[in-house]
Amino acid sequence: MTLENKKILITGASGSLGKQLIYELNKIGNKPIAQVRENSDTGYIDSLNLEKRVADLEKFEQIPSLVEGVDSIIHTAAKVNFHLKDQGGFTRLNVEVPCELYKAAQIAGVKKFIHISTTAATAAIRRKVGYVNGKVGTPFKVNEETEYNLGNINIPYFRTKHDAEIKLLELAKNSQTELVIINPSIIVAPSRTGDDRGKALKGFNRYIIPSFRNRVNLVDIRDVAPAIITALDKGRHGERYILAGDNVTVRELVLMVSMILGRIPHLIYPPQWILDFTASFSLTLGKLKKSNKIAFYPDIVKLFKYEWSYSSMKARRELGFNNRSIQITLNDLLNNAFHGTHLKP
């Protein structure tokens with residue numbers, strides 16, 4: 001499919017991934033349509049003279065006009081954080097909005113709907129008792145067929161992204177509007193300040209850094225965006241595609257960063273009982289203060305009991321996805337040399 005003249009709507013176009021998608025599409029001659037809010041920073045979008053459609057996605061009456069005359073939609077807009085707060089807000093933006101958007105797309109005759117989710121909506125690997133840090137390889141990697149096993153973790157972002165996938169797949173049955181779900185792992189991208197090295201140095205100089213034994217997965221935004229665009233053509237209806245990078249332990253990740261920065265990290269292994277006590281205390285204190293933003297609570301501690309290791313073999317076969325090494329990504333990021341984005345073309 002030639003994309004040059006296709007009308008591709010990107011929701012959340014002023015966000016980091018939205019801008020990277022615009023950057024990649026512009027390179028191949030496509031002028032995407034950018035969904036923005038009234039208060040969005042549209043400097044980059046305006047610099048390319050792109051069509052903007054101002055809409056508040058949570059106001060469902062504005063959605064039909066937003067999708068009118070569109071060939072494909074890439075839905076990136078979401079509420080993304082791990083805070084224990086405003087659970088209704090997560091449900092509204094992460095579940096109800098994509099479903100309403102997809103239903104409007106069906107009515108408007110949109111051909112393809114790409115829903116950007118997260119690997120946290122798929123599954124994770126329960127860590128084995130006695131598993132030794134540093135062991136070669138991983139016991140298992142989650143793929144698109146792995147059964148969901150995170151229902152016991154009440155992190156609103158995780159829960160609502162999973163719920164959205166279930167509801168969208170149900171809506172997409174026998175639909176003419178093809179649905180493709182993309183599950184990136186933790187996306188690494190440069191900050192707007194342009195000085196990620198300076199930010200990292202401040203953190204290393206100021207804090208004691210916890211050293212955890214479980215694996216995490218990070219992927220470069222410069223690898224994610226092209227795969228999403230390829231999914232407009234090659235992504236199969238009703239399928240999910242994991243876009244993941246290297247599987248590394250938290251300790252390995254911290255040591256990579258320390259080598260690039262030339263700093264010695266102050267690493268500690270926090271005992272499980274300290275994590276449990278601190279999380280419970282934080283939750284109780286937050287409730288006493290009637291806080292709507294609790295950052296550390298018992299369900300966050302549960303994350304350390306899993307290996308967040310993923311396989312992208314399906315995306316490699318079908319989308320031609322390829323990820324660069326996390327060492328290359330971190331080196332570019334922490335030397336302020338993250339080229340290949342709208343910030344540094």
# chains A, B, ... in the order shown; residues from 1 in each chain; ligands from 1
call {"tool": "residues_around", "arguments": {"residues": "A:Thr177", "least_positions_apart": "3", "cutoff": "6 Å", "atoms": "only C-alpha atoms", "output": "ChimeraX atom specification"}}
result
/A:106,110-112
call {"tool": "closest_atom_pairs", "arguments": {"of": "stretch 235-277 of chain A", "to": "stretch 322-343 of chain A", "cutoff": "7 Å", "atoms": "only C-alpha atoms", "output": "CSV"}}
result
residue,atom,partner,partner_atom,distance
A:Gly245,CA,A:Asn323,CA,5.8
A:Asp246,CA,A:Ile326,CA,6.1
A:Val257,CA,A:Leu330,CA,7.0
A:Ile260,CA,A:Asn331,CA,6.4
call {"tool": "atom_distance", "arguments": {"atom1": "atom CA of A:Ala34", "atom2": "atom CA of A:Lys19"}}
result
9.3 Å
call {"tool": "closest_residue", "arguments": {"among": "A:Leu84, A:Val54, A:Leu17, A:Ile22", "to": "A:Pro190", "atoms": "only C-alpha atoms"}}
result
A:Leu17
call {"tool": "residues_around", "arguments": {"residues": "A:Lys103", "least_positions_apart": "3", "cutoff": "10 Å", "atoms": "only C-alpha atoms", "output": "mmCIF file with N, CA and C atoms, in the first residue's frame"}}
result
data_model
loop_
_atom_site.group_PDB
_atom_site.id
_atom_site.type_symbol
_atom_site.label_atom_id
_atom_site.label_comp_id
_atom_site.auth_asym_id
_atom_site.auth_seq_id
_atom_site.Cartn_x
_atom_site.Cartn_y
_atom_site.Cartn_z
ATOM 1 N N ILE A 63 -16.138 13.229 18.209
ATOM 2 C CA ILE A 63 -15.404 12.172 17.510
ATOM 3 C C ILE A 63 -15.850 11.951 16.064
ATOM 4 N N PRO A 64 -17.159 11.939 15.750
ATOM 5 C CA PRO A 64 -17.558 11.689 14.360
ATOM 6 C C PRO A 64 -16.927 12.637 13.346
ATOM 7 N N VAL A 97 -12.718 5.829 25.385
ATOM 8 C CA VAL A 97 -12.347 6.647 24.219
ATOM 9 C C VAL A 97 -11.968 5.793 23.005
ATOM 10 N N PRO A 98 -11.040 4.820 23.134
ATOM 11 C CA PRO A 98 -10.719 4.022 21.945
ATOM 12 C C PRO A 98 -11.910 3.247 21.392
ATOM 13 N N CYS A 99 -12.797 2.804 22.272
ATOM 14 C CA CYS A 99 -13.983 2.083 21.795
ATOM 15 C C CYS A 99 -14.919 3.014 21.020
ATOM 16 N N GLU A 100 -15.146 4.203 21.537
ATOM 17 C CA GLU A 100 -15.983 5.170 20.822
ATOM 18 C C GLU A 100 -15.334 5.590 19.512
ATOM 19 N N GLN A 106 -15.837 2.821 12.237
ATOM 20 C CA GLN A 106 -16.643 1.853 11.490
ATOM 21 C C GLN A 106 -17.721 2.565 10.675
ATOM 22 N N ILE A 107 -18.417 3.477 11.319
ATOM 23 C CA ILE A 107 -19.497 4.211 10.647
ATOM 24 C C ILE A 107 -18.948 5.059 9.505
ATOM 25 N N ALA A 108 -17.764 5.643 9.708
ATOM 26 C CA ALA A 108 -17.165 6.536 8.703
ATOM 27 C C ALA A 108 -16.490 5.775 7.568
ATOM 28 N N VAL A 110 -13.665 3.961 7.837
ATOM 29 C CA VAL A 110 -12.206 3.935 7.970
ATOM 30 C C VAL A 110 -11.716 2.509 7.735
ATOM 31 N N LEU A 168 -12.047 -3.850 22.282
ATOM 32 C CA LEU A 168 -11.830 -3.524 20.872
ATOM 33 C C LEU A 168 -11.870 -4.782 20.004
ATOM 34 N N LEU A 171 -15.422 -5.675 19.456
ATOM 35 C CA LEU A 171 -16.056 -4.774 18.497
ATOM 36 C C LEU A 171 -15.618 -5.065 17.065
ATOM 37 N N ALA A 172 -14.394 -5.545 16.925
ATOM 38 C CA ALA A 172 -13.810 -5.735 15.592
ATOM 39 C C ALA A 172 -14.246 -7.021 14.907
ATOM 40 N N SER A 175 -15.999 -6.937 11.460
ATOM 41 C CA SER A 175 -16.002 -5.525 11.086
ATOM 42 C C SER A 175 -15.205 -5.299 9.808
ATOM 43 N N THR A 177 -13.747 -2.445 9.305
ATOM 44 C CA THR A 177 -12.616 -1.623 9.745
ATOM 45 C C THR A 177 -11.602 -2.527 10.439
#
call {"tool": "closest_residue", "arguments": {"among": "A:Leu201, A:Ala189, A:Val254, A:Leu232", "to": "A:Arg213", "atoms": "only C-alpha atoms"}}
result
A:Val254
call {"tool": "residues_around", "arguments": {"residues": "A:Gly15", "least_positions_apart": "5", "cutoff": "10 Å", "atoms": "only C-alpha atoms", "output": "MDAnalysis selection string"}}
result
chainID A and resid 20:21 36 40:42 76:78
call {"tool": "closest_residue", "arguments": {"among": "A:Pro271, A:Pro32, A:Pro265, A:Gly12", "to": "A:His75", "atoms": "only C-alpha atoms"}}
result
A:Gly12
call {"tool": "residues_around", "arguments": {"residues": "A:Val248", "least_positions_apart": "4", "cutoff": "7 Å", "atoms": "only C-alpha atoms", "output": "short mmCIF file (atom, residue, chain, number, x, y, z; two decimals) with C-alpha atoms, in the first residue's frame"}}
result
data_model
loop_
_atom_site.label_atom_id
_atom_site.label_comp_id
_atom_site.auth_asym_id
_atom_site.auth_seq_id
_atom_site.Cartn_x
_atom_site.Cartn_y
_atom_site.Cartn_z
CA ARG A 215 14.35 -8.10 33.91
CA VAL A 216 12.79 -5.17 32.13
CA ASN A 217 12.47 -4.35 28.45
CA GLU A 252 22.51 -4.31 34.13
CA LEU A 253 20.60 -1.26 32.97
#
call {"tool": "closest_residue", "arguments": {"among": "A:Thr122, A:Asn174, A:Ser117, A:Ser280", "to": "A:Thr146", "atoms": "only C-alpha atoms"}}
result
A:Thr122
call {"tool": "atom_distance", "arguments": {"atom1": "atom CA of A:Asn49", "atom2": "atom CA of A:Thr11"}}
result
16.9 Å
call {"tool": "select_by_dssp", "arguments": {"residues": "stretch 29-199 of chain A", "states": "strand (DSSP E or B)", "output": "PyMOL selection string"}}
result
chain A and resi 33-36+52-54+72-75+84+112-116+125-126+142+178-184+186-188
call {"tool": "closest_residue", "arguments": {"among": "A:Phe158, A:Tyr306, A:Phe90, A:Phe296", "to": "A:Thr119", "atoms": "only C-alpha atoms"}}
result
A:Phe158
call {"tool": "closest_residue", "arguments": {"among": "A:Ala295, A:Ala13, A:Ile228, A:Leu255", "to": "A:Arg37", "atoms": "only C-alpha atoms"}}
result
A:Ala13
call {"tool": "select_by_dssp", "arguments": {"residues": "stretch 174-227 of chain A", "states": "alpha helix (DSSP H)", "output": "list in words"}}
result
Asp196, Arg197, Gly198, Lys199, Ala200, Leu201, Lys202, Gly203, Phe204, Asn205, Arg206, Ile221, Arg222, Asp223, Val224, Ala225, Pro226 and Ala227 of chain A
call {"tool": "write_last_selection", "arguments": {"atoms": "N, CA and C atoms", "output": "PDB file, in the first residue's frame"}}
result
ATOM      1  N   ASP A 196      19.366  15.257  28.240  1.00  0.00           N
ATOM      2  CA  ASP A 196      19.105  14.048  29.024  1.00  0.00           C
ATOM      3  C   ASP A 196      20.341  13.620  29.806  1.00  0.00           C
ATOM      4  N   ARG A 197      21.511  13.963  29.304  1.00  0.00           N
ATOM      5  CA  ARG A 197      22.731  13.644  30.050  1.00  0.00           C
ATOM      6  C   ARG A 197      22.761  14.421  31.369  1.00  0.00           C
ATOM      7  N   GLY A 198      22.444  15.693  31.308  1.00  0.00           N
ATOM      8  CA  GLY A 198      22.436  16.509  32.515  1.00  0.00           C
ATOM      9  C   GLY A 198      21.441  16.004  33.548  1.00  0.00           C
ATOM     10  N   LYS A 199      20.270  15.599  33.087  1.00  0.00           N
ATOM     11  CA  LYS A 199      19.256  15.066  34.002  1.00  0.00           C
ATOM     12  C   LYS A 199      19.741  13.782  34.660  1.00  0.00           C
ATOM     13  N   ALA A 200      20.367  12.920  33.874  1.00  0.00           N
ATOM     14  CA  ALA A 200      20.844  11.646  34.411  1.00  0.00           C
ATOM     15  C   ALA A 200      21.979  11.861  35.412  1.00  0.00           C
ATOM     16  N   LEU A 201      22.865  12.784  35.124  1.00  0.00           N
ATOM     17  CA  LEU A 201      23.974  13.061  36.035  1.00  0.00           C
ATOM     18  C   LEU A 201      23.475  13.563  37.383  1.00  0.00           C
ATOM     19  N   LYS A 202      22.454  14.398  37.361  1.00  0.00           N
ATOM     20  CA  LYS A 202      21.886  14.883  38.620  1.00  0.00           C
ATOM     21  C   LYS A 202      21.337  13.733  39.445  1.00  0.00           C
ATOM     22  N   GLY A 203      20.675  12.796  38.772  1.00  0.00           N
ATOM     23  CA  GLY A 203      20.126  11.649  39.483  1.00  0.00           C
ATOM     24  C   GLY A 203      21.204  10.782  40.088  1.00  0.00           C
ATOM     25  N   PHE A 204      22.288  10.536  39.353  1.00  0.00           N
ATOM     26  CA  PHE A 204      23.367   9.689  39.860  1.00  0.00           C
ATOM     27  C   PHE A 204      24.090  10.355  41.022  1.00  0.00           C
ATOM     28  N   ASN A 205      24.191  11.637  40.985  1.00  0.00           N
ATOM     29  CA  ASN A 205      24.918  12.349  42.040  1.00  0.00           C
ATOM     30  C   ASN A 205      24.096  12.510  43.309  1.00  0.00           C
ATOM     31  N   ARG A 206      22.787  12.386  43.169  1.00  0.00           N
ATOM     32  CA  ARG A 206      21.915  12.737  44.279  1.00  0.00           C
ATOM     33  C   ARG A 206      21.333  11.537  45.013  1.00  0.00           C
ATOM     34  N   ILE A 221      12.290   4.543  20.452  1.00  0.00           N
ATOM     35  CA  ILE A 221      11.155   5.129  19.733  1.00  0.00           C
ATOM     36  C   ILE A 221      11.416   5.181  18.230  1.00  0.00           C
ATOM     37  N   ARG A 222      12.690   5.257  17.834  1.00  0.00           N
ATOM     38  CA  ARG A 222      13.047   5.297  16.414  1.00  0.00           C
ATOM     39  C   ARG A 222      12.828   3.948  15.727  1.00  0.00           C
ATOM     40  N   ASP A 223      12.684   2.888  16.523  1.00  0.00           N
ATOM     41  CA  ASP A 223      12.370   1.569  15.978  1.00  0.00           C
ATOM     42  C   ASP A 223      10.872   1.284  16.033  1.00  0.00           C
ATOM     43  N   VAL A 224      10.205   1.844  17.038  1.00  0.00           N
ATOM     44  CA  VAL A 224       8.772   1.615  17.216  1.00  0.00           C
ATOM     45  C   VAL A 224       7.950   2.272  16.110  1.00  0.00           C
ATOM     46  N   ALA A 225       8.207   3.548  15.844  1.00  0.00           N
ATOM     47  CA  ALA A 225       7.371   4.288  14.897  1.00  0.00           C
ATOM     48  C   ALA A 225       7.341   3.679  13.495  1.00  0.00           C
ATOM     49  N   PRO A 226       8.489   3.299  12.903  1.00  0.00           N
ATOM     50  CA  PRO A 226       8.432   2.689  11.569  1.00  0.00           C
ATOM     51  C   PRO A 226       7.629   1.390  11.535  1.00  0.00           C
ATOM     52  N   ALA A 227       7.693   0.594  12.601  1.00  0.00           N
ATOM     53  CA  ALA A 227       6.937  -0.652  12.642  1.00  0.00           C
ATOM     54  C   ALA A 227       5.437  -0.383  12.689  1.00  0.00           C
TER      55      ALA A 227
END
call {"tool": "atom_distance", "arguments": {"atom1": "atom CA of A:Ala123", "atom2": "atom CA of A:Tyr102"}}
result
24.2 Å
call {"tool": "residues_around", "arguments": {"residues": "A:Leu50", "least_positions_apart": "4", "cutoff": "7 Å", "atoms": "only C-alpha atoms", "output": "list in words"}}
result
Lys31, Pro32, Ile33, Ile45 and Asp46 of chain A
call {"tool": "residues_around", "arguments": {"residues": "A:Asp299", "least_positions_apart": "5", "cutoff": "12 Å", "atoms": "only C-alpha atoms", "output": "ChimeraX atom specification"}}
result
/A:82-84,150-159,275-276,278-280,282-283,294,304-305
